[in-house]
Every structure is written in structure tokens, then in C-alpha cells.
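**Student:** To start, I am sharing the structure in question, which I have written as C-alpha cells.
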Amino acid sequence: MRIVVMGTGYVGLVSGACFADLGNDVVCVDVDPKKVQALDAGKIPIYEPGLEEIVARNRREGRLTFTTDGTEALGTADLAFIAVGTPSSHDGTADLTYVCQVAEAIGKALRKPGTIVVTKSTVPIGTNGKVRELIAGATQLPFHVVSNPEFLKEGAAINDFMKPDRIVVGSSSPEAAAVMDELYAPLVRTGAPVIHMDIPSAEMTKYAANAMLATRISFMNEIANLCDRVGADVHQVRRGIGTDPRVGKHFLFPGVGYGGSCFPKDVRALMGTGRRVGLSMRVIEAVDSVNEDQKHVMVAQVQSALGEDLRGKRLAVWGLAFKAQTDDMREAPSITILEALLAAGASIRAFDPQSAETAHAVFGDRITYGKNPYDVLPEADALLVITDWSEFRMPDWTRVKAAMGPRPVVFDGRNLYEGAKLREHGFTMYTIGRGVWLAA
Ligand SMILES: NC(=O)c1ccc[n+]([C@@H]2O[C@H](COP(=O)([O-])OP(=O)(O)OC[C@H]3O[C@@H](n4cnc5c(N)ncnc54)[C@H](O)[C@@H]3O)[C@@H](O)[C@H]2O)c1
């Protein structure tokens with residue numbers, strides 16, 4: 001099939017590259033000329049494991065190209081995917097500026113009847129209706145609109161795309177739905193369902209899925225904070241509840257709060273949809289406000305251990321990206337945490353395996369960046385572990401202790417370490433819901 005993907009970010013690039021890998025002819029379009037130039041030169045603008053190889057292979061075989069102008073490709077496309085960003089606007093609702101721009105551009109460029117326009121971006125209920133209107137206002141040709149929300153996770157995006165749990169297709173056109181079945185057939189041979197539904201339900205499914213996952217995180221963060229107050233261990237509690245199949249074991253890990261380009265904005269967008277129709281989304285609002293508070297838990301721990309005034313204190317930080325296996329810093333909890341610590345006067349040296357560049361765009365030279373985990377430790381009063389990269393899981397504690405200052409404190413924001421073991425090594429350790437372990 002001939003496919004055009006409008007927007008070549010995390011979702012557009014992964015989708016475009018994977019569709020090409022399945023044998024389709026794919027043109028990826030982006031308004032950012034630097035991004036297109038980089039991709040044309042074989043450079044991948046984001047860190048996503050496995051992506052570079054897929055892009056290189058399909059460029060080499062001529063199935064994947066990049067451009068800033070999709071007009072020509074859209075003229076002959078069977079499918080035009082919309083994969084542009086839908087960031088939060090000032091009131092928390094989804095900003096649909098890019099989606100609307102792309103819909104108009106598609107409408108103007110269509111040259112053959114029956115093109116299927118597929119919205120992959122996460123968009124509020126009713127947006128595909130708006131997309132249809134905008135395209136119809138720019139062309140006399142018949143076309144179809146399909147909602148096909150994306151569920152890939154950054155850091156595991158290729159695997160998620162190629163081996164999906166399910167594909168959601170919202171459409172009122174049996175013809176378009178059949179083409180979507182054909183497109184995804186190679187990915188669902190092992191039995192994952194293509195779930196067909198109406199367009200508003202498909203739009204809602206994406207928000208409900210992300211809001212449910214965010215709810216589990218905020219719920220566990222609240223339980224963890226309570227564990228800390230009453231002397232229970234959230235790790236044991238998590239195992240105790242996760243073995244119940246009605247609860248399930250996934251997404252029960254407390255931490256420093258969720259971040260990234262999806263959960264925070266999608267939770268807020270759902271609240272915005274509720275407001276628009278006069279329904280207060282009380283659970284979702286609580287999920288959001290618990291998360292905002294959770295980003296301050298580690299800051300409060302640092303100040304209770306080292307004092308309110310952090311001038312003269314050296315803090316080492318492991319992990320800046322919003323989660324492991326990505327360089328994405330959008331709404332990363334590290335931003336809230338480090339900004340508060342900088343405001344209190346701390347001096348900060350941080351290491352993240354992939355986000356040095358994206359983090360520099362946020363913090364500039366207000367913090368310094370190490371080249372490896374041990375690089376940031378010398379003379380540090382404390383070590384803050386913010387992202388659970390696997391290389392932080394089993395550090396050489398003897399080496400860490402030797403490098404740090406005389407009374408080192410570890411703030412384990414991801415519950416990676418055992419308190420008893422760190423105490424033996426001479427650290428004081430703060431956890432999320434597993435108590436404080438004072439050095440002997
Ligand atoms: N990132 C994820 O993990 C993820 C997962 C599932 C769904 N989503 C959703 O997918 C959508 C895209 O997310 P993302 O993370 O890929 O965003 P992104 O910001 O990484 O990429 C969006 C791209 O669109 C480009 N763009 C903007 N206007 C354009 C236009 N008029 N024409 C062509 N390109 C244009 C931007 O330059 C950018 O490169 C969002 O709605 C998001 O909620 C994201």
C-alpha cells in the first residue's frame with residue numbers, strides 16, 4: 001500500500017518505519033526541516049531501541065523516504081496517517097492546531113477518490129468529525145476517516161508496534177475498515193484482535209486506557225506514602241495484591257510520579273472533555289493532583305535529610321528521562337524535582353544514559369552532566385535515583401561510598417535497592433513506601 005505519515009515524531013517515525021518494514025511504500029512528512037534533513041542523512045533524531053536499523057534497512061530498499069512537503073505523495077496515497085502532536089493547551093484541553101493544519105493539507109492534496117485518512121494522534125472525542133469537515137472543505141473527492149489510536153510505549157515502541165496486544169479501529173465505513181484489516185493482518189497473525197468500533201468509542205478508548213494506567217500509578221503512590229507513615233512495606237503489599245488476577249501485577253510500582261508526553265496530557269484532556277459536557281471527573285482529577293504532589297515527595301525527603309537550605313550541598317542524580325529506555329524529557333518528574341532543589345540552592349551533577357541532549361535543552365548549564373554514573377558522585381552529599389535505567393540497578397556500592405561525601409544519603413525514587421544492604425554499606429536510604437534506613 002502507499003502510505004503517507006504526517007508528523008515524524010516518536011509515533012510517526014516508528015509507525016512509518018514499521019509499515020515500510022512490512023513491505024509498504026511509506027513517505028514520512030514533517031514540518032521540521034532539521035528533522036527531515038537528519039533522517040535523510042540516516043540520523044535518528046530520537047533514542048528508540050531498534051529504530052535505527054529498521055529505518056536504515058527500509059531507506060536502503062527504497063520503501064521509506066522523508067520530506068517536508070507531502071503534497072505529491074498525498075495525491076496518490078491509499079492511506080494518510082495523522083501522527084502529529086496534540087499537546088496540552090493552557091486550560092489542559094488538547095491543542096488540535098497541528099491536527100487541523102494537517103487535515104487541511106491532506107484535503108488540499110488529495111488527487112484520487114477513496115483515500116483513507118487515519119488519525120493515530122491521541123485526539124478528544126469528536127476530533128475525527130472535525131478532521132472530516134476540514135478535508136471535505138478542501139476537496140470534492142470522496143475519502144474515508146478512520147480513528148486508529150496508537151498504544152506503543154516509548155522504549156519498547158518497535159516491539160509494541162510489531163506485536164500489538166490489540167489494534168483499535170474506529171470507522172463508519174466497512175470499506176475503510178476492510179483496508180485497515182488488510183494493513184494490520186501481518187501483525188495480528190498470532191491472535192491479537194483488531195477491535196472494530198465506532199469513531200467516538202475509538203477516540204475514548206485511548207484516553208480511558210491511559211487514564212486507567214495513570215490511576216494505577218497514583219493509587220500505588222498514595223498507598224506507598226501511607227505505608228511510609230504507618231510502617232508497612234509497599235513492595236510486600238504490591239506482591240500481596242498483584243497476585244490477585246482481578247488486580248493484576250502490572251503498573252503497581254510506586255515512584256516519583258508519572259511523566260512523559262502522554263499520561264499527564266491525556267489525563268488533563270479527559271478532565272477537559274468532562275468539563276466541556278458538564279461532568280466532573282473526580283477520580284481522574286484526583287489522579288492528576290496526587291501525581292503533582294508525588295513529584296515533590298523526594299524534594300521533601302532531601303530537605304528533611306539535608307536541611308531546607310541546600311546551599312553548599314552537592315547532589316548527584318541518576319536518571320533524568322521520564323522513564324528508562326528513552327531520551328524523552330517531556331513532563332519528566334526530574335524537571336519538577338531538580339527545579340525545586342536548584343531553587344533551594346543545591347548544586348547538581350546528573351547522569352542519564354540517553355537524555356544528555358534533551359536534558360540540556362531543559363536545564364542548560366544550571367546543572368553539570370556526567371559521562372557515566374560514577375562521574376557525578378565525587379564528594380556528593382546525596383545520590384538521587386530518579387529513572388530506573390537497568391545500569392543503575394546493581395552499582396558497585398563500595399565504589400559509590402568511596403566517592404561520595406562522609407555521610408552519604410541515597411534517595412531511591414524507584415525502589416531499586418534493599419535498605420538493609422545499603423545500611424551495611426554505610427548509607428542512609430530513603431525509599432518510596434519502604435521506609436527510611438538510617439546508616440548504623
Ligand atoms: N509518544 C508516545 O509514546 C505516544 C504513544 C501513543 C500515542 N501518542 C500520541 O501520538 C501523537 C504524536 O506523539 P509524538 O510523541 O509522536 O509527538 P512528537 O512531538 O514526537 O512528534 C510530532 C511531530 O509532528 C510534527 N508536525 C507538527 N505539525 C506538522 C505538520 N503540519 N505537518 C507535518 N508534521 C508536523 C512535529 O514537527 C513533530 O516532529 C500525540 O497525539 C500523542 O499523544 C504518543
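We label chains A, B, ... in the order they appear in the C-alpha cells, count residues from 1 in each chain, and number ligands from 1 in the order shown.
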May I have the residues within 9 Å of Ala420 in chain A as a ChimeraX atom specification, using only C-alpha atoms and disregarding those fewer than 4 positions away in the same chain?
**Tutor:** /A:424-425,437
**Student:** What does the list of residues within 7 Å of ligand 1 look like if you count only C-alpha atoms and all ligand atoms, written as a PyMOL selection string?
**Tutor:** chain A and resi 6-12+29-32+83-86+98+101-102+120-123+149-154+261-262
**Student:** Export, as a short mmCIF file (atom, residue, chain, number, x, y, z; two decimals), in the first residue's frame, the selected residues with N, CA and C atoms.
**Tutor:**
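What follows is the written file selection.cif:
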```
data_model
loop_
_atom_site.label_atom_id
_atom_site.label_comp_id
_atom_site.auth_asym_id
_atom_site.auth_seq_id
_atom_site.Cartn_x
_atom_site.Cartn_y
_atom_site.Cartn_z
N MET A 6 1.87 11.82 8.30
CA MET A 6 2.05 13.26 8.57
C MET A 6 2.48 13.43 10.02
N GLY A 7 3.72 13.89 10.23
CA GLY A 7 4.28 14.00 11.59
C GLY A 7 5.24 12.86 11.80
N THR A 8 6.54 13.19 11.97
CA THR A 8 7.56 12.14 12.06
C THR A 8 8.24 12.20 13.43
N GLY A 9 7.43 12.15 14.48
CA GLY A 9 7.96 12.12 15.85
C GLY A 9 8.04 10.69 16.33
N TYR A 10 7.90 10.48 17.64
CA TYR A 10 8.00 9.14 18.22
C TYR A 10 7.01 8.20 17.54
N VAL A 11 5.75 8.63 17.40
CA VAL A 11 4.73 7.75 16.84
C VAL A 11 4.84 7.66 15.32
N GLY A 12 4.97 8.82 14.66
CA GLY A 12 5.00 8.83 13.19
C GLY A 12 6.20 8.09 12.63
N VAL A 29 6.32 12.63 6.52
CA VAL A 29 6.34 14.07 6.31
C VAL A 29 6.49 14.78 7.66
N ASP A 30 7.33 15.81 7.70
CA ASP A 30 7.41 16.62 8.92
C ASP A 30 7.69 18.06 8.55
N VAL A 31 7.12 19.00 9.33
CA VAL A 31 7.35 20.42 9.05
C VAL A 31 8.74 20.86 9.51
N ASP A 32 9.39 20.04 10.32
CA ASP A 32 10.68 20.44 10.87
C ASP A 32 11.80 20.04 9.88
N ALA A 83 -0.15 11.82 12.52
CA ALA A 83 0.60 11.40 13.72
C ALA A 83 1.32 12.61 14.34
N VAL A 84 0.68 13.78 14.23
CA VAL A 84 1.29 14.98 14.81
C VAL A 84 0.96 15.06 16.31
N GLY A 85 1.64 15.95 17.00
CA GLY A 85 1.44 16.09 18.44
C GLY A 85 0.09 16.72 18.77
N THR A 86 -0.41 16.38 19.96
CA THR A 86 -1.64 17.00 20.47
C THR A 86 -1.36 17.45 21.91
N TYR A 98 -2.17 21.35 15.30
CA TYR A 98 -1.40 20.60 14.29
C TYR A 98 -2.29 19.61 13.54
N GLN A 101 -4.22 21.60 11.01
CA GLN A 101 -3.37 22.01 9.88
C GLN A 101 -3.15 20.85 8.92
N VAL A 102 -2.87 19.71 9.48
CA VAL A 102 -2.58 18.53 8.65
C VAL A 102 -3.84 18.09 7.90
N LYS A 120 -3.95 8.77 14.02
CA LYS A 120 -3.20 7.99 15.00
C LYS A 120 -2.91 8.83 16.24
N SER A 121 -2.85 10.15 16.05
CA SER A 121 -2.65 11.03 17.21
C SER A 121 -3.76 10.77 18.22
N THR A 122 -3.45 11.03 19.49
CA THR A 122 -4.47 10.91 20.54
C THR A 122 -5.32 12.18 20.51
N VAL A 123 -6.59 12.01 20.17
CA VAL A 123 -7.45 13.20 20.00
C VAL A 123 -8.77 13.04 20.74
N PRO A 149 -6.15 4.84 17.21
CA PRO A 149 -5.21 5.32 18.24
C PRO A 149 -4.03 4.37 18.42
N GLU A 150 -2.90 4.95 18.81
CA GLU A 150 -1.66 4.18 18.94
C GLU A 150 -1.40 3.88 20.42
N PHE A 151 -0.96 2.64 20.69
CA PHE A 151 -0.71 2.24 22.07
C PHE A 151 0.75 1.93 22.36
N LEU A 152 1.65 2.26 21.42
CA LEU A 152 3.06 1.91 21.66
C LEU A 152 3.61 2.65 22.88
N LYS A 153 4.63 2.03 23.50
CA LYS A 153 5.31 2.66 24.64
C LYS A 153 6.70 3.08 24.18
N GLU A 154 7.10 4.30 24.49
CA GLU A 154 8.47 4.70 24.18
C GLU A 154 9.42 3.75 24.90
N SER A 261 5.07 12.28 27.57
CA SER A 261 4.26 13.12 26.67
C SER A 261 2.82 12.65 26.60
N CYS A 262 2.48 11.58 27.33
CA CYS A 262 1.12 11.04 27.18
C CYS A 262 0.26 11.10 28.44
#
```
**Student:** Mind the document's chain letters and residue numbers, and return as a PyMOL selection string the residues of range 185-214 of chain A that DSSP labels helix (DSSP H, G or I).
**Tutor:** chain A and resi 185-187+199-214
**Student:** Can those selected residues be exported to a file as a compact mmCIF listing (two decimals), in the first residue's frame so that it contains C-alpha atoms?
**Tutor:**
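selection-v5.txt was written with the following content:
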```txt
# COMPACT_ATOMS: atom_id res chain seq x y z
CA ALA A 185 -3.06 -8.55 9.03
CA PRO A 186 0.71 -9.31 9.26
CA LEU A 187 0.78 -8.02 12.86
CA ILE A 199 -15.18 6.53 15.93
CA PRO A 200 -16.10 8.24 19.26
CA SER A 201 -15.52 4.95 21.12
CA ALA A 202 -12.10 4.52 19.48
CA GLU A 203 -11.17 8.08 20.46
CA MET A 204 -12.35 7.44 24.03
CA THR A 205 -10.58 4.07 24.26
CA LYS A 206 -7.14 5.69 24.04
CA TYR A 207 -7.90 8.20 26.82
CA ALA A 208 -9.55 5.58 29.02
CA ALA A 209 -6.53 3.27 28.63
CA ASN A 210 -4.02 5.95 29.60
CA ALA A 211 -6.20 7.27 32.42
CA MET A 212 -6.55 3.75 33.84
CA LEU A 213 -2.77 3.24 33.81
CA ALA A 214 -2.19 6.66 35.38
```
**Student:** From a backbone DSSP assignment, name each residue in range 175-241 of chain A labelled strand (DSSP E), as a count of residues only.
**Tutor:** 4
**Student:** Would you mind listing what lies within 12 Å of Arg330 in chain A as a list of chain:residue names, with only C-alpha atoms counted and same-chain residues fewer than 3 positions away left out?
**Tutor:**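 Within the cut-off, the hits are A:Pro87, A:Ser88, A:Glu154, A:Tyr258, A:Gly259, A:Gly260, A:Ser261, A:Cys262, A:Phe263, A:Pro264, A:Lys265, A:Leu320, A:Ala321, A:Phe322, A:Lys323, A:Thr326, A:Asp327, A:Pro333, A:Ser334, A:Ile335, A:Thr336, A:Ser355, A:Thr358, A:Ala359, A:Ala361, A:Val362.
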**Student:** Please provide the set of residues having any atom within 7 Å of Thr115 in chain A, restricted to only C-alpha atoms, with same-chain residues fewer than 2 positions apart removed, written as a short mmCIF file (atom, residue, chain, number, x, y, z; two decimals) with N, CA and C atoms, in the first residue's frame.
**Tutor:**
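Output (part-v7.cif):
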```cif
data_model
loop_
_atom_site.label_atom_id
_atom_site.label_comp_id
_atom_site.auth_asym_id
_atom_site.auth_seq_id
_atom_site.Cartn_x
_atom_site.Cartn_y
_atom_site.Cartn_z
N ALA A 77 -1.77 8.60 -2.35
CA ALA A 77 -1.74 7.70 -1.18
C ALA A 77 -3.02 6.87 -1.06
N ASP A 78 -2.86 5.62 -0.62
CA ASP A 78 -4.04 4.81 -0.23
C ASP A 78 -4.46 5.22 1.18
N LEU A 79 -3.44 5.46 2.03
CA LEU A 79 -3.70 5.80 3.43
C LEU A 79 -2.87 7.01 3.83
N LYS A 112 -6.93 11.44 -5.68
CA LYS A 112 -7.66 10.24 -6.14
C LYS A 112 -8.78 9.94 -5.14
N PRO A 113 -9.89 9.37 -5.65
CA PRO A 113 -11.01 9.10 -4.75
C PRO A 113 -10.71 7.94 -3.79
N VAL A 117 -8.07 8.47 5.45
CA VAL A 117 -7.31 9.33 6.36
C VAL A 117 -7.44 8.73 7.76
N PHE A 143 -13.61 10.46 0.37
CA PHE A 143 -12.50 9.94 1.20
C PHE A 143 -13.11 9.32 2.45
N HIS A 144 -12.30 8.59 3.21
CA HIS A 144 -12.77 7.98 4.46
C HIS A 144 -11.96 8.53 5.63
#
```
**Student:** For each of A:Arg314, A:Lys295, A:Arg246, A:Arg229, take the minimum atom-to-atom distance to Ala332 in chain A, counting only C-alpha atoms, then give the residue where this is smallest.
**Tutor:**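 For Ala332 in chain A, the nearest of the candidates is A:Lys295.
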**Student:** Taking only C-alpha atoms into account, which of A:Ala177, A:Val283, A:Tyr374, A:His235 comes nearest Phe219 in chain A?
**Tutor:**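 Of all the options, A:Val283 lies closest to Phe219 in chain A.
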**Student:** Within 9 Å of Ile3 in chain A, counting only C-alpha atoms, which residues show up once you throw out same-chain ones fewer than 3 positions away? Write them as a list in words, please.
**Tutor:**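 So the residues in contact are Gly16, Phe19, Ala20, Asn24, Asp25, Val26, Val27, Cys28, Ala73, Leu74, Thr76, Ala77, Asp78, Leu79, Ala80 and Phe81 of chain A.
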